[in-house]
Structure formats: structure tokens, C-alpha cells
$ cat protein03.cif   # mmCIF, C-alpha atoms
data_run
loop_
_atom_site.label_atom_id
_atom_site.label_comp_id
_atom_site.auth_asym_id
_atom_site.auth_seq_id
_atom_site.Cartn_x
_atom_site.Cartn_y
_atom_site.Cartn_z
CA MET A 1 0.00 0.00 0.00
CA ARG A 2 1.45 3.39 -1.00
CA VAL A 3 0.53 6.99 -0.27
CA ASN A 4 2.02 10.03 -1.98
CA PHE A 5 1.96 13.30 -0.10
CA HIS A 6 2.65 16.44 -2.08
CA ARG A 7 5.61 18.31 -0.57
CA ARG A 8 3.99 21.71 -0.92
CA ILE A 9 0.89 20.61 0.97
CA TYR A 10 2.11 18.20 3.63
CA ARG A 11 5.02 18.67 6.01
CA ARG A 12 7.82 16.17 6.39
CA LYS A 13 7.71 16.44 10.18
CA ALA A 14 4.00 15.71 10.13
CA ILE A 15 4.58 12.48 8.19
CA GLU A 16 7.41 11.45 10.49
CA SER A 17 5.39 12.03 13.65
CA THR A 18 2.41 10.16 12.16
CA ILE A 19 4.64 7.20 11.30
CA ALA A 20 5.84 7.24 14.92
CA ALA A 21 2.23 7.22 16.13
CA PHE A 22 1.18 4.35 13.80
CA ARG A 23 4.36 2.27 14.08
CA HIS A 24 2.71 -0.30 16.35
CA LEU A 25 0.13 -1.13 13.64
CA ALA A 26 2.35 -1.67 10.58
CA ASP A 27 5.74 -1.17 8.96
CA PHE A 28 6.29 2.17 7.25
CA SER A 29 8.98 3.24 4.83
CA PHE A 30 9.42 6.86 3.90
CA SER A 31 11.19 8.45 0.95
CA ARG A 32 11.25 11.65 -1.05
CA GLU A 33 10.78 11.52 -4.81
CA GLY A 34 10.39 14.73 -6.80
CA ASP A 35 7.45 16.74 -5.52
CA TYR A 36 6.24 13.93 -3.28
CA PHE A 37 6.94 12.26 0.01
CA ARG A 38 6.22 8.58 -0.57
CA VAL A 39 5.09 6.34 2.26
CA ARG A 40 4.82 2.59 1.92
CA ILE A 41 2.65 0.76 4.41
CA GLY A 42 3.23 -2.96 4.77
CA ASN A 43 3.18 -5.86 7.15
CA ILE A 44 0.02 -4.60 8.82
CA ASP A 45 -0.59 -6.07 12.26
CA ALA A 46 -2.45 -9.39 12.02
CA GLU A 47 -4.99 -8.16 14.55
CA VAL A 48 -6.16 -5.44 12.15
CA LYS A 49 -9.14 -6.87 10.27
CA GLU A 50 -8.89 -7.14 6.49
CA GLU A 51 -11.69 -4.61 5.87
CA LEU A 52 -9.99 -2.09 8.15
CA LYS A 53 -6.64 -2.17 6.35
CA GLU A 54 -7.77 0.42 3.78
CA GLU A 55 -9.16 2.48 6.64
CA LEU A 56 -5.77 2.39 8.31
CA LYS A 57 -4.35 4.17 5.27
CA ASP A 58 -7.16 6.74 5.35
CA GLU A 59 -6.70 7.34 9.07
CA PHE A 60 -2.98 7.71 8.45
CA CYS A 61 -3.66 10.40 5.83
CA ASN A 62 -6.06 12.23 8.14
CA PHE A 63 -3.47 12.16 10.90
CA VAL A 64 -0.80 13.59 8.59
CA LEU A 65 -3.16 16.38 7.56
CA ALA A 66 -3.95 17.22 11.19
CA GLU A 67 -0.25 17.20 12.11
CA THR A 68 0.54 19.42 9.11
CA GLN A 69 -2.09 21.90 10.20
CA TYR A 70 -0.75 21.81 13.76
CA ALA A 71 2.81 22.45 12.52
CA ASN A 72 1.61 25.29 10.30
CA ARG A 73 -0.06 27.00 13.23
CA LEU A 74 3.09 26.76 15.32
CA SER A 75 5.31 28.28 12.66
CA MET B 76 -15.74 11.89 -4.07
CA GLU B 77 -13.13 14.06 -5.75
CA PHE B 78 -13.25 17.70 -6.72
CA GLU B 79 -10.81 20.49 -7.51
CA ILE B 80 -10.29 23.85 -5.88
CA ASN B 81 -8.73 26.82 -7.61
CA ALA B 82 -5.77 27.64 -5.38
CA ARG B 83 -5.51 31.11 -6.90
CA ILE B 84 -8.84 31.97 -5.29
CA TYR B 85 -8.45 30.03 -2.06
CA PRO B 86 -4.93 29.96 -0.58
CA LEU B 87 -3.52 26.71 0.81
CA GLU B 88 -3.94 27.92 4.40
CA CYS B 89 -7.64 28.36 3.77
CA ILE B 90 -7.98 24.90 2.17
CA LEU B 91 -6.08 23.27 5.04
CA ASN B 92 -8.27 24.99 7.64
CA THR B 93 -11.38 23.76 5.84
CA ALA B 94 -10.03 20.23 5.46
CA HIS B 95 -9.19 20.19 9.15
CA ILE B 96 -12.82 20.93 10.05
CA PHE B 97 -13.96 17.95 7.95
CA LEU B 98 -11.51 15.48 9.51
CA GLU B 99 -13.93 14.38 12.21
CA HIS B 100 -16.50 12.91 9.82
CA PHE B 101 -14.48 12.36 6.64
CA PHE B 102 -11.21 10.99 5.40
CA VAL B 103 -9.67 13.94 3.58
CA PHE B 104 -6.77 13.76 1.17
CA LEU B 105 -5.24 16.69 -0.70
CA ASP B 106 -3.11 16.60 -3.81
CA GLY B 107 -1.97 18.96 -6.55
CA ASP B 108 -0.09 22.19 -6.76
CA PRO B 109 -0.99 24.84 -4.15
CA LYS B 110 -0.13 27.51 -6.72
CA SER B 111 -2.74 26.39 -9.22
CA LYS B 112 -5.20 23.59 -8.36
CA ILE B 113 -5.76 21.39 -5.33
CA LYS B 114 -7.58 18.10 -5.70
CA VAL B 115 -9.68 17.19 -2.66
CA THR B 116 -10.70 13.60 -1.99
CA LEU B 117 -13.51 13.25 0.54
CA LYS B 118 -14.49 9.85 1.86
CA SER B 119 -17.23 9.66 4.47
CA LYS B 120 -16.49 7.64 7.60
CA GLU B 121 -20.11 6.51 7.62
CA ALA B 122 -22.25 5.10 4.82
CA THR B 123 -23.61 7.95 2.69
CA SER B 124 -25.50 8.20 -0.57
CA PRO B 125 -23.97 9.98 -3.61
CA LYS B 126 -26.58 12.72 -3.15
CA GLN B 127 -25.47 13.30 0.43
CA LEU B 128 -21.84 13.37 -0.69
CA ALA B 129 -22.67 16.07 -3.23
CA GLY B 130 -24.22 18.03 -0.36
CA PHE B 131 -21.03 17.65 1.65
CA MET B 132 -19.02 18.98 -1.27
CA GLY B 133 -21.24 22.07 -1.18
CA GLU B 134 -20.64 22.38 2.55
CA PHE B 135 -16.91 22.11 1.95
CA ASN B 136 -17.10 24.96 -0.56
CA ASN B 137 -19.15 27.07 1.86
CA GLU B 138 -16.60 26.48 4.60
CA LEU B 139 -13.87 27.53 2.17
CA LEU B 140 -15.63 30.87 1.83
CA ASN B 141 -15.95 31.16 5.61
CA GLN B 142 -12.28 30.44 6.09
CA SER B 143 -11.13 32.86 3.41
CA MET B 144 -13.25 35.60 5.03
CA ARG B 145 -11.81 34.70 8.44
CA LEU B 146 -8.24 34.88 7.12
CA ARG B 147 -8.93 38.23 5.50
CA LEU B 148 -10.34 39.62 8.73
CA VAL B 149 -7.35 38.31 10.70
CA LYS B 150 -4.99 40.07 8.29
CA GLU B 151 -6.99 43.29 8.28
CA THR B 152 -7.30 43.51 12.06
CA LYS B 153 -3.83 42.21 12.91
CA LYS B 154 -2.48 45.60 14.03
CA ILE B 155 -5.53 46.31 16.18
CA GLN B 156 -5.25 42.88 17.83
CA GLU B 157 -1.55 43.41 18.57
CA GLU B 158 -2.30 46.85 20.03
CA ILE B 159 -5.02 45.43 22.31
CA ILE B 160 -2.77 42.62 23.52
CA SER B 161 0.19 44.91 24.18
CA ARG B 162 -2.02 47.32 26.15
CA ALA B 163 -3.54 44.47 28.13
CA LEU B 164 -0.07 43.12 28.97
CA ALA B 165 1.19 46.57 29.94
CA GLY B 166 -1.84 47.02 32.21
CA ALA B 167 -1.24 43.68 33.87
CA LEU B 168 2.38 44.54 34.83
CA PRO B 169 2.96 45.34 38.55
CA LYS B 170 3.41 49.06 39.26
CA LYS B 171 6.52 48.59 41.42
CA ASN B 172 9.76 48.11 39.58
CA LEU B 173 10.78 44.54 40.28
CA ASN B 174 14.41 45.20 39.36
CA GLN B 175 14.93 47.49 42.37
CA PRO B 176 16.35 45.78 45.48
CA PRO B 177 13.99 45.55 48.47
CA GLN B 178 14.20 48.43 50.98
CA LEU B 179 15.99 47.37 54.20
CA ASN B 180 16.05 49.15 57.57
CA GLU B 181 19.29 49.77 59.53
CA GLU B 182 18.86 46.76 61.84
CA GLU B 183 18.53 44.37 58.92
CA ILE B 184 21.60 45.91 57.24
CA ASP B 185 23.63 45.51 60.48
CA LYS B 186 22.58 41.86 60.75
CA ILE B 187 23.66 41.17 57.19
CA ILE B 188 27.05 42.87 57.74
CA GLU B 189 27.63 40.88 60.97
CA ARG B 190 26.76 37.63 59.25
CA GLU B 191 29.10 38.36 56.36
CA LEU B 192 31.94 39.32 58.77
CA ARG B 193 31.51 36.09 60.71
CA ALA B 194 31.61 34.11 57.49
CA LEU B 195 34.84 35.87 56.49
CA GLU B 196 36.44 35.19 59.88
CA GLU B 197 35.57 31.51 59.66
CA GLN B 198 36.98 31.35 56.18
CA GLU B 199 40.24 32.91 57.36
CA LYS B 200 40.46 30.44 60.25
CA THR B 201 40.04 27.45 57.99
CA LEU B 202 42.63 28.82 55.58
CA LYS B 203 45.16 29.36 58.41
CA SER B 204 44.61 25.88 59.85
CA SER B 205 45.07 24.27 56.43
CA ASP B 206 48.30 26.32 55.91
CA SER B 207 49.72 25.21 59.25
CA LYS B 208 48.93 21.57 58.46
CA ASP B 209 50.68 21.89 55.09
CA ALA B 210 53.77 23.44 56.77
CA SER B 211 53.97 20.67 59.39
CA CYS B 212 53.73 18.00 56.66
CA ALA B 213 56.58 19.63 54.71
#
$ encode --input "protein03.cif" --output "C-alpha cells"
Amino acid sequence: MRVNFHRRIYRRKAIESTIAAFRHLADFSFSREGDYFRVRIGNIDAEVKEELKEELKDEFCNFVLAETQYANRLS
Amino acid sequence: MEFEINARIYPLECILNTAHIFLEHFFVFLDGDPKSKIKVTLKSKEATSPKQLAGFMGEFNNELLNQSMRLRLVKETKKIQEEIISRALAGALPKKNLNQPPQLNEEEIDKIIERELRALEEQEKTLKSSDSKDASCA
């Protein structure tokens, strides 16, 4: 599962802190390619139900957005 | 549901504020260039009909307008806000100057001088005793 966050919209710190918050649920790899931060989500915890795996990605994106907004307000 | 927002009309800050309001009931994802167009993907956390989703898109657009007005007002009234805060802070400061040392009467000053003298005498004694020990060792 992959998510691409545009660098001009989302903050790197926001992605990193979200990965830290979700680390117990899956493995995350993070890289920067062109205009995007790319996050790969894999090896999702076996206790997470199959139908909730897609939701995990969506919750991850929401969390990154909230963290970005929080970081923007601080700066 | 996906739709685009003209980022030349609504700045990124405004779009982010709006998206943040929708986070509680929707999964929101943003993509695109903040200098031209932003693509918004809204996914409801609860089951909703396409008609309802279209309504939510309208609400999103309305909130965009609210947020852009709010940002404009914040910018326009920034100086007034700063002035109010600085006056409030100045009014809350204590009238006495905290940097000045506390006023002491003569008795208190004498006590302090005595205490300091005693401390000096003790210091001298300890220095002398350590010198005499050193000399005897040598």
C-alpha cells in the first residue's frame, strides 16, 4: 500500500510524527521523490481486520493532515 | 468523491483549515499544486448516498468561503489585535519596579554585615589551619 503526499501541501515532520504514532500497527517506509513524500505501508498487524486495512491508510492520511495543520499553526 | 479547488482563489492555508474541520466525519486527502489547483478527496467515515456526498461537497465549498473571510479579517485587524494585547499586557504589569532591590532598615543591614563578617572570619580560620597543616607535613 502506497501513499504520496505532495511536498507543498504536507510537512515532512507531520509524516514522520504520524509514522511514529502508527508504528505499532504496521511497517512504514518513507522516501522523497520529486514533488512527493512517498510512504509505503506494509506488514500490517495481524490483529487489524482485512476490511480495516484500507481504513488504516485513510486514518494515516487524516493524521498527517492534522499534524501538518498543527505544525503550520506553530510556525 | 473528488473535486478540484482553484488555489488562486483560495490559498492553501484556507484549504487546510477547511479540510481540518472535515476530519472528524471524513477521510480527507489533498493533492496537486498549491499555486494552481488542489484536488480534494472526501471519503465519508459513515455510509452515505452519492446525493449526500454532493451536499457535503457544497458544505466544503461554503466552509472555504468562511475560512477565506476569516483569514482576510485576521490580516486586516492584525495591528488592532496586537495593540489590544500589548495594552492588556502593559496594564497587567505590577506598578513597582521589580528590578529594584527591596528596601531594608538599619537593623537588617547591620545583621547582614555581621553575618558576612563572621563568614569571612571563619573562612580565614580554615585557611590558616590548612596552611599550618601543610607546613607541618613539609
$ interface_residues --input "protein03.cif" --of "chain B" --to "chain A" --cutoff "7 Å" --atoms "all atoms listed in the file" --output "VMD selection string"
chain B and resid 91 95 98 102 to 104 106 to 107 109
$ residues_around --input "protein03.cif" --residues "Thr93 of chain B" --least-positions-apart "5" --cutoff "8 Å" --atoms "all atoms listed in the file" --output "PyMOL selection string"
chain B and resi 135+138-139+142
$ atom_distance --input "protein03.cif" --atom1 "atom CA of Lys120 of chain B" --atom2 "atom CA of Ala71 of chain A"
24.8 Å
$ atom_distance --input "protein03.cif" --atom1 "atom CA of Thr152 of chain B" --atom2 "atom CA of Arg83 of chain B"
22.7 Å
$ residues_near_point --input "protein03.cif" --point "(-7.4, 28.4, 1.1)" --cutoff "12 Å" --atoms "all atoms listed in the file" --output "PyMOL selection string"
(chain A and resi 9) or (chain B and resi 80-95+109-113+135-147)
$ write_last_selection --input "protein03.cif" --atoms "C-alpha atoms" --output "PDB file, keeping the file's coordinate frame"
ATOM      1  CA  ILE A   9       0.890  20.610   0.970  1.00  0.00           C
TER       2      ILE A   9
ATOM      3  CA  ILE B  80     -10.290  23.850  -5.880  1.00  0.00           C
ATOM      4  CA  ASN B  81      -8.730  26.820  -7.610  1.00  0.00           C
ATOM      5  CA  ALA B  82      -5.770  27.640  -5.380  1.00  0.00           C
ATOM      6  CA  ARG B  83      -5.510  31.110  -6.900  1.00  0.00           C
ATOM      7  CA  ILE B  84      -8.840  31.970  -5.290  1.00  0.00           C
ATOM      8  CA  TYR B  85      -8.450  30.030  -2.060  1.00  0.00           C
ATOM      9  CA  PRO B  86      -4.930  29.960  -0.580  1.00  0.00           C
ATOM     10  CA  LEU B  87      -3.520  26.710   0.810  1.00  0.00           C
ATOM     11  CA  GLU B  88      -3.940  27.920   4.400  1.00  0.00           C
ATOM     12  CA  CYS B  89      -7.640  28.360   3.770  1.00  0.00           C
ATOM     13  CA  ILE B  90      -7.980  24.900   2.170  1.00  0.00           C
ATOM     14  CA  LEU B  91      -6.080  23.270   5.040  1.00  0.00           C
ATOM     15  CA  ASN B  92      -8.270  24.990   7.640  1.00  0.00           C
ATOM     16  CA  THR B  93     -11.380  23.760   5.840  1.00  0.00           C
ATOM     17  CA  ALA B  94     -10.030  20.230   5.460  1.00  0.00           C
ATOM     18  CA  HIS B  95      -9.190  20.190   9.150  1.00  0.00           C
ATOM     19  CA  PRO B 109      -0.990  24.840  -4.150  1.00  0.00           C
ATOM     20  CA  LYS B 110      -0.130  27.510  -6.720  1.00  0.00           C
ATOM     21  CA  SER B 111      -2.740  26.390  -9.220  1.00  0.00           C
ATOM     22  CA  LYS B 112      -5.200  23.590  -8.360  1.00  0.00           C
ATOM     23  CA  ILE B 113      -5.760  21.390  -5.330  1.00  0.00           C
ATOM     24  CA  PHE B 135     -16.910  22.110   1.950  1.00  0.00           C
ATOM     25  CA  ASN B 136     -17.100  24.960  -0.560  1.00  0.00           C
ATOM     26  CA  ASN B 137     -19.150  27.070   1.860  1.00  0.00           C
ATOM     27  CA  GLU B 138     -16.600  26.480   4.600  1.00  0.00           C
ATOM     28  CA  LEU B 139     -13.870  27.530   2.170  1.00  0.00           C
ATOM     29  CA  LEU B 140     -15.630  30.870   1.830  1.00  0.00           C
ATOM     30  CA  ASN B 141     -15.950  31.160   5.610  1.00  0.00           C
ATOM     31  CA  GLN B 142     -12.280  30.440   6.090  1.00  0.00           C
ATOM     32  CA  SER B 143     -11.130  32.860   3.410  1.00  0.00           C
ATOM     33  CA  MET B 144     -13.250  35.600   5.030  1.00  0.00           C
ATOM     34  CA  ARG B 145     -11.810  34.700   8.440  1.00  0.00           C
ATOM     35  CA  LEU B 146      -8.240  34.880   7.120  1.00  0.00           C
ATOM     36  CA  ARG B 147      -8.930  38.230   5.500  1.00  0.00           C
TER      37      ARG B 147
END
$ closest_residue --input "protein03.cif" --among "B:Met76, B:Leu202, B:Ile155, B:Ile160" --to "Ala129 of chain B" --atoms "all atoms listed in the file"
B:Met76
$ atom_distance --input "protein03.cif" --atom1 "atom CA of Val115 of chain B" --atom2 "atom CA of Met132 of chain B"
9.6 Å
$ closest_residue --input "protein03.cif" --among "A:Ser75, A:Ala20, A:Ala26, A:Ala14" --to "Arg40 of chain A" --atoms "all atoms listed in the file"
A:Ala26
$ closest_residue --input "protein03.cif" --among "B:Thr123, B:Ser161, B:Ser205, B:Gln198" --to "His100 of chain B" --atoms "all atoms listed in the file"
B:Thr123
$ decode --input "protein03.cif" --residues "segment 79-93 of chain B" --atoms "all heavy atoms" --output "JSON list (two decimals), in the first residue's frame"
[["chain", "number", "residue", "atom", "x", "y", "z"],
["B", 79, "GLU", "N", -11.98, 19.61, -7.49],
["B", 79, "GLU", "CA", -10.81, 20.49, -7.51],
["B", 79, "GLU", "C", -11.14, 21.88, -6.99],
["B", 79, "GLU", "O", -12.27, 22.36, -7.15],
["B", 79, "GLU", "CB", -10.26, 20.59, -8.93],
["B", 79, "GLU", "CG", -9.52, 19.32, -9.33],
["B", 79, "GLU", "CD", -8.92, 19.42, -10.72],
["B", 79, "GLU", "OE1", -9.39, 20.25, -11.52],
["B", 79, "GLU", "OE2", -7.98, 18.66, -10.99],
["B", 80, "ILE", "N", -10.13, 22.48, -6.39],
["B", 80, "ILE", "CA", -10.29, 23.85, -5.88],
["B", 80, "ILE", "C", -9.24, 24.73, -6.54],
["B", 80, "ILE", "O", -8.07, 24.35, -6.61],
["B", 80, "ILE", "CB", -10.11, 23.89, -4.34],
["B", 80, "ILE", "CG1", -11.24, 23.11, -3.68],
["B", 80, "ILE", "CG2", -10.09, 25.32, -3.82],
["B", 80, "ILE", "CD1", -10.97, 22.80, -2.23],
["B", 81, "ASN", "N", -9.67, 25.88, -7.00],
["B", 81, "ASN", "CA", -8.73, 26.82, -7.61],
["B", 81, "ASN", "C", -7.91, 27.48, -6.49],
["B", 81, "ASN", "O", -8.44, 28.25, -5.70],
["B", 81, "ASN", "CB", -9.50, 27.88, -8.41],
["B", 81, "ASN", "CG", -8.57, 28.72, -9.25],
["B", 81, "ASN", "OD1", -7.39, 28.86, -8.94],
["B", 81, "ASN", "ND2", -9.11, 29.27, -10.32],
["B", 82, "ALA", "N", -6.63, 27.14, -6.47],
["B", 82, "ALA", "CA", -5.77, 27.64, -5.38],
["B", 82, "ALA", "C", -5.39, 29.10, -5.56],
["B", 82, "ALA", "O", -4.80, 29.70, -4.68],
["B", 82, "ALA", "CB", -4.51, 26.78, -5.29],
["B", 83, "ARG", "N", -5.75, 29.67, -6.72],
["B", 83, "ARG", "CA", -5.51, 31.11, -6.90],
["B", 83, "ARG", "C", -6.60, 31.92, -6.20],
["B", 83, "ARG", "O", -6.40, 33.09, -5.87],
["B", 83, "ARG", "CB", -5.46, 31.45, -8.39],
["B", 83, "ARG", "CG", -4.17, 30.94, -9.00],
["B", 83, "ARG", "CD", -4.07, 31.34, -10.46],
["B", 83, "ARG", "NE", -2.96, 30.64, -11.07],
["B", 83, "ARG", "CZ", -3.02, 30.03, -12.24],
["B", 83, "ARG", "NH1", -4.14, 30.02, -12.93],
["B", 83, "ARG", "NH2", -1.96, 29.43, -12.73],
["B", 84, "ILE", "N", -7.74, 31.29, -5.99],
["B", 84, "ILE", "CA", -8.84, 31.97, -5.29],
["B", 84, "ILE", "C", -8.74, 31.70, -3.79],
["B", 84, "ILE", "O", -8.83, 32.59, -2.97],
["B", 84, "ILE", "CB", -10.21, 31.51, -5.84],
["B", 84, "ILE", "CG1", -10.34, 31.85, -7.32],
["B", 84, "ILE", "CG2", -11.36, 32.13, -5.03],
["B", 84, "ILE", "CD1", -11.55, 31.26, -8.00],
["B", 85, "TYR", "N", -8.55, 30.43, -3.47],
["B", 85, "TYR", "CA", -8.45, 30.03, -2.06],
["B", 85, "TYR", "C", -7.01, 29.61, -1.75],
["B", 85, "TYR", "O", -6.54, 28.61, -2.29],
["B", 85, "TYR", "CB", -9.39, 28.87, -1.75],
["B", 85, "TYR", "CG", -10.84, 29.17, -2.03],
["B", 85, "TYR", "CD1", -11.50, 28.62, -3.13],
["B", 85, "TYR", "CD2", -11.56, 30.03, -1.20],
["B", 85, "TYR", "CE1", -12.82, 28.90, -3.40],
["B", 85, "TYR", "CE2", -12.89, 30.32, -1.46],
["B", 85, "TYR", "CZ", -13.52, 29.75, -2.56],
["B", 85, "TYR", "OH", -14.83, 30.03, -2.81],
["B", 86, "PRO", "N", -6.32, 30.34, -0.89],
["B", 86, "PRO", "CA", -4.93, 29.96, -0.58],
["B", 86, "PRO", "C", -4.87, 28.63, 0.18],
["B", 86, "PRO", "O", -5.87, 28.20, 0.78],
["B", 86, "PRO", "CB", -4.43, 31.11, 0.29],
["B", 86, "PRO", "CG", -5.64, 31.78, 0.81],
["B", 86, "PRO", "CD", -6.73, 31.55, -0.17],
["B", 87, "LEU", "N", -3.69, 28.02, 0.18],
["B", 87, "LEU", "CA", -3.52, 26.71, 0.81],
["B", 87, "LEU", "C", -3.94, 26.73, 2.29],
["B", 87, "LEU", "O", -4.57, 25.79, 2.78],
["B", 87, "LEU", "CB", -2.06, 26.26, 0.69],
["B", 87, "LEU", "CG", -1.73, 24.90, 1.31],
["B", 87, "LEU", "CD1", -2.50, 23.77, 0.63],
["B", 87, "LEU", "CD2", -0.23, 24.61, 1.26],
["B", 88, "GLU", "N", -3.61, 27.81, 2.97],
["B", 88, "GLU", "CA", -3.94, 27.92, 4.40],
["B", 88, "GLU", "C", -5.45, 27.78, 4.60],
["B", 88, "GLU", "O", -5.92, 27.09, 5.52],
["B", 88, "GLU", "CB", -3.46, 29.29, 4.92],
["B", 88, "GLU", "CG", -3.52, 29.40, 6.42],
["B", 88, "GLU", "CD", -3.12, 30.79, 6.90],
["B", 88, "GLU", "OE1", -2.75, 31.64, 6.08],
["B", 88, "GLU", "OE2", -3.22, 31.01, 8.12],
["B", 89, "CYS", "N", -6.18, 28.39, 3.72],
["B", 89, "CYS", "CA", -7.64, 28.36, 3.77],
["B", 89, "CYS", "C", -8.16, 26.94, 3.50],
["B", 89, "CYS", "O", -9.07, 26.45, 4.19],
["B", 89, "CYS", "CB", -8.11, 29.34, 2.71],
["B", 89, "CYS", "SG", -9.82, 29.50, 2.55],
["B", 90, "ILE", "N", -7.56, 26.27, 2.51],
["B", 90, "ILE", "CA", -7.98, 24.90, 2.17],
["B", 90, "ILE", "C", -7.65, 23.94, 3.32],
["B", 90, "ILE", "O", -8.45, 23.09, 3.68],
["B", 90, "ILE", "CB", -7.30, 24.45, 0.84],
["B", 90, "ILE", "CG1", -7.74, 25.36, -0.31],
["B", 90, "ILE", "CG2", -7.64, 22.99, 0.53],
["B", 90, "ILE", "CD1", -6.94, 25.21, -1.59],
["B", 91, "LEU", "N", -6.47, 24.13, 3.91],
["B", 91, "LEU", "CA", -6.08, 23.27, 5.04],
["B", 91, "LEU", "C", -7.00, 23.47, 6.24],
["B", 91, "LEU", "O", -7.38, 22.50, 6.90],
["B", 91, "LEU", "CB", -4.63, 23.56, 5.43],
["B", 91, "LEU", "CG", -3.56, 22.90, 4.57],
["B", 91, "LEU", "CD1", -2.19, 23.46, 4.91],
["B", 91, "LEU", "CD2", -3.54, 21.39, 4.73],
["B", 92, "ASN", "N", -7.35, 24.73, 6.52],
["B", 92, "ASN", "CA", -8.27, 24.99, 7.64],
["B", 92, "ASN", "C", -9.60, 24.29, 7.41],
["B", 92, "ASN", "O", -10.17, 23.69, 8.32],
["B", 92, "ASN", "CB", -8.53, 26.50, 7.77],
["B", 92, "ASN", "CG", -7.37, 27.23, 8.43],
["B", 92, "ASN", "OD1", -6.47, 26.61, 8.98],
["B", 92, "ASN", "ND2", -7.38, 28.54, 8.34],
["B", 93, "THR", "N", -10.09, 24.38, 6.18],
["B", 93, "THR", "CA", -11.38, 23.76, 5.84],
["B", 93, "THR", "C", -11.29, 22.23, 5.96],
["B", 93, "THR", "O", -12.16, 21.60, 6.56],
["B", 93, "THR", "CB", -11.79, 24.15, 4.41],
["B", 93, "THR", "OG1", -11.78, 25.57, 4.31],
["B", 93, "THR", "CG2", -13.17, 23.63, 4.07]]
